[in-house]
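**Q** I'd like to ask you about the structure that follows.
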Amino acid sequence: MPGLLLGDVFPNFDADTTIGRIKFHDFLGSSWGVLFSHPRDFTPVCTTELACAAKVSDEFKKRGVKMIALSVDSVEDHRNWSKDVMAFSNAAESTLPFPIIADDKRELAVQLGMLDPDERDKDGMPLTARCVFVIGPDKKLKLSILYPATTGRNFDELLRVIDSLQLTAQKKVATPVDWKPGDKVMVIPSLSDAEAAALFPNGVTTKEVPSGKKYLRFTQP
Ligand code: BEZ
C-alpha cells in the first residue's frame with residue numbers, strides 16, 4: 001500500500017499548479033504546509049469544501065501555514081472551477097487564495113496513496129479521496145487524514161489540529177479530547193513529576209483515579 005507515514009520527509013515533487021510550476025519544498029519555504037486533495041473539479045461537495053477553505057484561509061495564514069489543494073483535473077479546469085468556488089463563497093470578485101495542483105496523470109495521487117478505489121469517473125478511472133497532509137517546517141509529515149469522496153471535511157477541525165501540532169511541537173504536552181487553544185493540556189507520560197514541575201511554572205494538577213496511578217496530569221501551557 002503506497003503512502004506516507006508520520007515523520008517521513010514529504011516528497012519534494014514538481015507539479016503544475018494554478019500559480020505555475022512548483023517544486024513543493026520551495027513552495028513551502030520555512031512555513032508549515034497543508035496539502036488537501038479532492039476528487040474532482042465541478043463537483044458539489046468539493047465546491048463547498050474549497051469555498052470554506054477560501055473563507056478561512058486567513059486563519060491558516062495567521063498560523064504560518066501555506067495551503068495547496070490537488071485533484072486529478074487540469075490547470076485550466078482548476079482556474080475555471082475556482083471562479084465557481086469563489087462565487088459560492090460569496091466572494092466572486094476575489095481569486096482563490098491558494099493554488100491547486102493539476103494531477104491529471106494521477107502520478108501524485110498514486111505516490112501519496114490518495115486514490116479512492118470506490119469512486120471512479122465516467123471512464124472508470126479512480127478519483128482522489130479527501131486526503132489532508134500537514135507538513136512541518138522540517139518538511140516532515142505531522143498529520144494525515146483520509147476521508148472518502150462522499151464525506152466532506154471540517155476546516156475548523158483542521159485549524160484545531162494545527163493549533164495542537166504547533167503547540168506540541170514546542171512544549172512537552174499533549175492535547176486532550178476536544179481541546180481548544182486556551183484549554184488545559186496534559187503533561188506527556190515520559191516526563192517525571194520533577195521534570196514537569198520544573199517545566200510548567202503554572203503548576204501541574206493530577207486527577208486521582210481508582211488505579212492510584214498518577215498519569216492524568218494537567219497544566220496550563
Ligand atoms: C463531490 O464533491 O460532491 C463528490 C465527488 C465525487 C464523489 C462524490 C461526491
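In the C-alpha cells, each chain is lettered A, B, ... as it comes, each chain's residues begin at 1, and ligands are numbered from 1 in order of appearance.
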List all protein, DNA and RNA residues that have any atom at most 7 Å from ligand 1, counting only C-alpha atoms and all ligand atoms, and write the list as an mmCIF file with all heavy atoms, in the first residue's frame.

**A**
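Listed below is the output, selection.cif:
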```cif
data_model
loop_
_atom_site.group_PDB
_atom_site.id
_atom_site.type_symbol
_atom_site.label_atom_id
_atom_site.label_comp_id
_atom_site.auth_asym_id
_atom_site.auth_seq_id
_atom_site.Cartn_x
_atom_site.Cartn_y
_atom_site.Cartn_z
ATOM 1 N N PRO A 39 -11.783 14.956 -4.946
ATOM 2 C CA PRO A 39 -11.951 14.021 -6.065
ATOM 3 C C PRO A 39 -11.925 14.671 -7.452
ATOM 4 O O PRO A 39 -11.303 14.147 -8.365
ATOM 5 C CB PRO A 39 -13.304 13.369 -5.803
ATOM 6 C CG PRO A 39 -13.542 13.547 -4.342
ATOM 7 C CD PRO A 39 -12.878 14.834 -3.959
ATOM 8 N N ARG A 40 -12.602 15.788 -7.629
ATOM 9 C CA ARG A 40 -12.810 16.277 -8.989
ATOM 10 C C ARG A 40 -13.255 17.723 -8.933
ATOM 11 O O ARG A 40 -13.972 18.120 -7.997
ATOM 12 C CB ARG A 40 -13.951 15.431 -9.602
ATOM 13 C CG ARG A 40 -14.015 15.426 -11.109
ATOM 14 C CD ARG A 40 -13.282 14.259 -11.661
ATOM 15 N NE ARG A 40 -12.337 14.685 -12.659
ATOM 16 C CZ ARG A 40 -12.040 13.961 -13.729
ATOM 17 N NH1 ARG A 40 -12.622 12.792 -13.941
ATOM 18 N NH2 ARG A 40 -11.144 14.389 -14.580
ATOM 19 N N THR A 43 -17.620 19.535 -8.819
ATOM 20 C CA THR A 43 -18.470 18.586 -8.093
ATOM 21 C C THR A 43 -18.941 19.280 -6.814
ATOM 22 O O THR A 43 -18.273 20.180 -6.295
ATOM 23 C CB THR A 43 -17.709 17.280 -7.738
ATOM 24 O OG1 THR A 43 -16.502 17.623 -7.072
ATOM 25 C CG2 THR A 43 -17.426 16.443 -8.967
ATOM 26 N N PRO A 44 -20.127 18.849 -6.302
ATOM 27 C CA PRO A 44 -20.759 19.668 -5.257
ATOM 28 C C PRO A 44 -20.022 19.723 -3.926
ATOM 29 O O PRO A 44 -19.796 20.810 -3.383
ATOM 30 C CB PRO A 44 -22.153 19.041 -5.109
ATOM 31 C CG PRO A 44 -22.071 17.697 -5.740
ATOM 32 C CD PRO A 44 -20.993 17.759 -6.786
ATOM 33 N N VAL A 45 -19.688 18.570 -3.356
ATOM 34 C CA VAL A 45 -19.051 18.595 -2.023
ATOM 35 C C VAL A 45 -17.710 19.321 -2.096
ATOM 36 O O VAL A 45 -17.360 20.133 -1.228
ATOM 37 C CB VAL A 45 -18.874 17.152 -1.474
ATOM 38 C CG1 VAL A 45 -18.128 17.178 -0.140
ATOM 39 C CG2 VAL A 45 -20.225 16.469 -1.310
ATOM 40 N N CYS A 46 -16.945 19.048 -3.164
ATOM 41 C CA CYS A 46 -15.634 19.699 -3.326
ATOM 42 C C CYS A 46 -15.798 21.214 -3.371
ATOM 43 O O CYS A 46 -14.963 21.951 -2.825
ATOM 44 C CB CYS A 46 -14.957 19.231 -4.619
ATOM 45 S SG CYS A 46 -14.689 17.467 -4.649
ATOM 46 N N THR A 47 -16.851 21.672 -4.028
ATOM 47 C CA THR A 47 -17.067 23.119 -4.140
ATOM 48 C C THR A 47 -17.335 23.715 -2.759
ATOM 49 O O THR A 47 -16.767 24.763 -2.410
ATOM 50 C CB THR A 47 -18.230 23.406 -5.114
ATOM 51 O OG1 THR A 47 -17.910 22.794 -6.361
ATOM 52 C CG2 THR A 47 -18.443 24.895 -5.305
ATOM 53 N N GLU A 119 -14.492 5.343 -5.984
ATOM 54 C CA GLU A 119 -15.017 6.482 -6.751
ATOM 55 C C GLU A 119 -14.278 6.563 -8.073
ATOM 56 O O GLU A 119 -13.065 6.712 -8.102
ATOM 57 C CB GLU A 119 -14.830 7.790 -5.973
ATOM 58 C CG GLU A 119 -15.674 7.893 -4.729
ATOM 59 C CD GLU A 119 -17.178 7.894 -4.970
ATOM 60 O OE1 GLU A 119 -17.624 8.205 -6.103
ATOM 61 O OE2 GLU A 119 -17.904 7.557 -4.022
ATOM 62 N N ALA A 149 -14.674 10.125 -0.800
ATOM 63 C CA ALA A 149 -15.215 11.226 -1.611
ATOM 64 C C ALA A 149 -16.574 11.704 -1.114
ATOM 65 O O ALA A 149 -16.927 12.877 -1.255
ATOM 66 C CB ALA A 149 -15.322 10.776 -3.068
ATOM 67 N N THR A 150 -17.347 10.796 -0.514
ATOM 68 C CA THR A 150 -18.728 11.120 -0.152
ATOM 69 C C THR A 150 -18.856 11.849 1.195
ATOM 70 O O THR A 150 -19.965 12.158 1.616
ATOM 71 C CB THR A 150 -19.541 9.803 -0.112
ATOM 72 O OG1 THR A 150 -18.730 8.799 0.489
ATOM 73 C CG2 THR A 150 -19.940 9.365 -1.517
#
```

**Q** Which residues come within 9 Å of range 195-205 of chain A, counting only C-alpha atoms, excluding same-chain residues fewer than 3 positions away, as a PyMOL selection string?

**A** chain A and resi 171-172+186-188+191-192+216-221

**Q** Output N, CA, C and O atoms of each residue in that selection to a file, as a short mmCIF file (atom, residue, chain, number, x, y, z; two decimals), in the first residue's frame.

**A**
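After the write, part_8.cif holds the following:
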```cif
data_model
loop_
_atom_site.label_atom_id
_atom_site.label_comp_id
_atom_site.auth_asym_id
_atom_site.auth_seq_id
_atom_site.Cartn_x
_atom_site.Cartn_y
_atom_site.Cartn_z
N LYS A 171 6.21 22.44 23.10
CA LYS A 171 6.17 22.13 24.54
C LYS A 171 5.91 20.65 24.74
O LYS A 171 5.26 20.03 23.90
N LYS A 172 6.39 20.13 25.87
CA LYS A 172 6.25 18.70 26.14
C LYS A 172 4.87 18.42 26.71
O LYS A 172 4.73 18.05 27.89
N MET A 186 -2.25 18.23 28.70
CA MET A 186 -1.76 17.14 29.52
C MET A 186 -0.25 17.05 29.42
O MET A 186 0.32 17.24 28.34
N VAL A 187 0.35 16.76 30.57
CA VAL A 187 1.81 16.53 30.59
C VAL A 187 2.06 15.16 29.95
O VAL A 187 1.36 14.19 30.26
N ILE A 188 3.06 15.08 29.07
CA ILE A 188 3.28 13.79 28.39
C ILE A 188 3.85 12.75 29.36
O ILE A 188 4.60 13.08 30.28
N LEU A 191 7.58 12.42 30.87
CA LEU A 191 8.17 13.40 31.81
C LEU A 191 7.94 12.95 33.26
O LEU A 191 6.81 12.60 33.62
N SER A 192 8.99 13.02 34.07
CA SER A 192 8.82 12.71 35.50
C SER A 192 8.08 13.89 36.16
O SER A 192 8.02 15.00 35.60
N LEU A 216 -2.84 11.23 34.93
CA LEU A 216 -3.71 12.28 34.36
C LEU A 216 -3.26 13.64 34.88
O LEU A 216 -3.86 14.22 35.79
N ARG A 217 -2.18 14.13 34.31
CA ARG A 217 -1.56 15.38 34.81
C ARG A 217 -1.89 16.54 33.84
O ARG A 217 -1.57 16.48 32.66
N PHE A 218 -2.53 17.55 34.39
CA PHE A 218 -2.95 18.71 33.57
C PHE A 218 -2.09 19.93 33.90
O PHE A 218 -1.67 20.12 35.04
N THR A 219 -1.87 20.76 32.89
CA THR A 219 -1.22 22.05 33.14
C THR A 219 -1.77 23.07 32.17
O THR A 219 -2.39 22.74 31.16
N GLN A 220 -1.53 24.36 32.52
CA GLN A 220 -1.89 25.45 31.61
C GLN A 220 -0.61 25.86 30.89
O GLN A 220 0.33 26.29 31.55
N PRO A 221 -0.54 25.64 29.58
CA PRO A 221 0.77 25.87 28.91
C PRO A 221 1.16 27.34 28.88
O PRO A 221 0.33 28.20 28.95
#
```

**Q** Which value, in Å to one decimal, gives the distance between CA of Asn154 in chain A and CA of Glu49 in chain A?

**A**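 So the two atoms, CA of Asn154 in chain A and CA of Glu49 in chain A, lie 8.1 Å apart.
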
**Q** Mind checking DSSP for range 47-139 of chain A and telling me the alpha helix (DSSP H) residues as a ChimeraX atom specification?

**A** /A:47-55,57-62,75-88,107-111

**Q** Please dump the current selection as a compact mmCIF listing (two decimals), in the first residue's frame; keep N, CA, C and O atoms.

**A**
```txt
# COMPACT_ATOMS: atom_id res chain seq x y z
N THR A 47 -16.85 21.67 -4.03
CA THR A 47 -17.07 23.12 -4.14
C THR A 47 -17.33 23.72 -2.76
O THR A 47 -16.77 24.76 -2.41
N THR A 48 -18.14 23.01 -1.95
CA THR A 48 -18.40 23.54 -0.60
C THR A 48 -17.12 23.55 0.23
O THR A 48 -16.86 24.47 1.00
N GLU A 49 -16.31 22.51 0.07
CA GLU A 49 -15.06 22.43 0.86
C GLU A 49 -14.09 23.55 0.48
O GLU A 49 -13.52 24.22 1.35
N LEU A 50 -13.86 23.72 -0.83
CA LEU A 50 -12.87 24.74 -1.22
C LEU A 50 -13.37 26.14 -0.92
O LEU A 50 -12.58 27.03 -0.58
N ALA A 51 -14.70 26.35 -1.00
CA ALA A 51 -15.24 27.66 -0.63
C ALA A 51 -14.98 27.93 0.85
O ALA A 51 -14.60 29.04 1.24
N CYS A 52 -15.17 26.91 1.68
CA CYS A 52 -14.90 27.07 3.12
C CYS A 52 -13.40 27.31 3.33
O CYS A 52 -13.02 28.19 4.11
N ALA A 53 -12.57 26.54 2.63
CA ALA A 53 -11.10 26.71 2.78
C ALA A 53 -10.70 28.14 2.41
O ALA A 53 -9.85 28.75 3.07
N ALA A 54 -11.34 28.69 1.37
CA ALA A 54 -11.03 30.07 0.96
C ALA A 54 -11.44 31.04 2.06
O ALA A 54 -10.70 31.97 2.40
N LYS A 55 -12.63 30.80 2.65
CA LYS A 55 -13.13 31.72 3.70
C LYS A 55 -12.21 31.74 4.91
O LYS A 55 -12.04 32.77 5.54
N SER A 57 -8.98 30.98 4.94
CA SER A 57 -7.55 30.98 4.56
C SER A 57 -6.73 31.94 5.42
O SER A 57 -5.55 31.69 5.69
N ASP A 58 -7.35 33.05 5.88
CA ASP A 58 -6.59 33.98 6.74
C ASP A 58 -6.19 33.32 8.06
O ASP A 58 -5.16 33.66 8.65
N GLU A 59 -7.03 32.39 8.53
CA GLU A 59 -6.71 31.69 9.78
C GLU A 59 -5.48 30.78 9.59
O GLU A 59 -4.66 30.63 10.49
N PHE A 60 -5.36 30.16 8.39
CA PHE A 60 -4.17 29.36 8.10
C PHE A 60 -2.95 30.28 8.02
O PHE A 60 -1.89 29.96 8.54
N LYS A 61 -3.14 31.42 7.36
CA LYS A 61 -2.04 32.38 7.20
C LYS A 61 -1.53 32.84 8.57
O LYS A 61 -0.32 32.90 8.81
N LYS A 62 -2.49 33.16 9.47
CA LYS A 62 -2.12 33.61 10.83
C LYS A 62 -1.22 32.61 11.53
O LYS A 62 -0.37 32.96 12.34
N VAL A 75 -4.93 22.31 -15.04
CA VAL A 75 -4.82 23.70 -14.56
C VAL A 75 -5.98 24.53 -15.11
O VAL A 75 -6.59 25.33 -14.38
N GLU A 76 -6.31 24.32 -16.37
CA GLU A 76 -7.40 25.12 -16.98
C GLU A 76 -8.73 24.86 -16.26
O GLU A 76 -9.47 25.79 -15.93
N ASP A 77 -9.02 23.57 -15.98
CA ASP A 77 -10.24 23.25 -15.22
C ASP A 77 -10.20 23.89 -13.83
O ASP A 77 -11.19 24.46 -13.37
N HIS A 78 -9.04 23.79 -13.19
CA HIS A 78 -8.93 24.37 -11.84
C HIS A 78 -9.22 25.87 -11.88
O HIS A 78 -9.91 26.39 -11.00
N ARG A 79 -8.67 26.54 -12.90
CA ARG A 79 -8.86 28.01 -12.96
C ARG A 79 -10.33 28.34 -13.18
O ARG A 79 -10.87 29.26 -12.55
N ASN A 80 -10.97 27.58 -14.07
CA ASN A 80 -12.39 27.86 -14.34
C ASN A 80 -13.25 27.53 -13.12
O ASN A 80 -14.15 28.28 -12.74
N TRP A 81 -12.97 26.38 -12.52
CA TRP A 81 -13.77 25.96 -11.35
C TRP A 81 -13.57 26.91 -10.17
O TRP A 81 -14.51 27.17 -9.41
N SER A 82 -12.34 27.46 -10.04
CA SER A 82 -12.08 28.39 -8.92
C SER A 82 -13.07 29.55 -8.91
O SER A 82 -13.44 30.05 -7.83
N LYS A 83 -13.50 29.96 -10.11
CA LYS A 83 -14.46 31.08 -10.18
C LYS A 83 -15.79 30.65 -9.55
O LYS A 83 -16.44 31.43 -8.85
N ASP A 84 -16.20 29.40 -9.82
CA ASP A 84 -17.44 28.89 -9.19
C ASP A 84 -17.26 28.84 -7.67
O ASP A 84 -18.16 29.19 -6.91
N VAL A 85 -16.08 28.37 -7.24
CA VAL A 85 -15.82 28.23 -5.80
C VAL A 85 -15.94 29.58 -5.12
O VAL A 85 -16.61 29.72 -4.08
N MET A 86 -15.32 30.61 -5.73
CA MET A 86 -15.34 31.93 -5.09
C MET A 86 -16.75 32.53 -5.13
O MET A 86 -17.16 33.22 -4.18
N ALA A 87 -17.50 32.25 -6.20
CA ALA A 87 -18.89 32.73 -6.26
C ALA A 87 -19.70 32.04 -5.17
O ALA A 87 -20.49 32.69 -4.46
N PHE A 88 -19.49 30.74 -4.98
CA PHE A 88 -20.22 30.01 -3.93
C PHE A 88 -19.86 30.55 -2.54
O PHE A 88 -20.67 30.52 -1.61
N GLU A 107 -0.17 10.92 -11.02
CA GLU A 107 1.14 10.47 -10.53
C GLU A 107 1.28 10.71 -9.02
O GLU A 107 1.70 9.83 -8.28
N LEU A 108 0.90 11.92 -8.59
CA LEU A 108 1.00 12.22 -7.15
C LEU A 108 -0.04 11.44 -6.36
O LEU A 108 0.24 10.97 -5.26
N ALA A 109 -1.21 11.28 -6.97
CA ALA A 109 -2.28 10.54 -6.29
C ALA A 109 -1.81 9.13 -5.97
O ALA A 109 -2.06 8.61 -4.88
N VAL A 110 -1.07 8.51 -6.89
CA VAL A 110 -0.55 7.16 -6.66
C VAL A 110 0.59 7.21 -5.65
O VAL A 110 0.61 6.47 -4.66
N GLN A 111 1.53 8.16 -5.86
CA GLN A 111 2.70 8.24 -4.98
C GLN A 111 2.30 8.47 -3.52
O GLN A 111 2.90 7.92 -2.60
```

**Q** Could you tell me how far CA of Gly20 in chain A lies from CA of Tyr147 in chain A, in Å and to one decimal?

**A** 27.8 Å

**Q** If we count only C-alpha atoms and set the cut-off at 7 Å, which residues sit around Lys140 in chain A, ignoring sequence neighbours fewer than 5 positions away in its own chain? Please answer as a list in words.

**A**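 My list of contacting residues is Gly7, Asp8, Val9, Phe10 and Ile135 of chain A.
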
**Q** I need the residues of chain A that end up classed as strand (DSSP E) by DSSP on the backbone, written out as number ranges by chain.

**A** A: 14-17, 20-23, 32-37, 65-71, 100-102, 115-120, 126-128, 130-135, 141-147, 173-174, 185-187, 204-206, 217-219

**Q** Extract, using only C-alpha atoms, all DNA, RNA and protein residues at most 12 Å from range 161-167 of chain A, discarding same-chain residues fewer than 6 positions from it, and format them as an MDAnalysis selection string.

**A** chainID A and resid 31:34 59:66 132:137 141:145 154:155 173:186 220:221

**Q** Which polymer residues have any atom within 12 Å of an atom of Met125 in chain A, counting only C-alpha atoms, with same-chain residues fewer than 2 positions away left out, as a PyMOL selection string?

**A** chain A and resi 39-40+72+104-106+115-123+127-128

**Q** Name all residues at most 6 Å from range 97-103 of chain A (count only C-alpha atoms; drop same-chain ones fewer than 3 positions away) and give them as a ChimeraX atom specification.

**A** /A:16-19,67-75,106

**Q** Looking at only C-alpha atoms, which of A:Leu96, A:Ser37, A:Leu112, A:Asp138 is the one that sits closest to His25 in chain A?

**A** A:Asp138
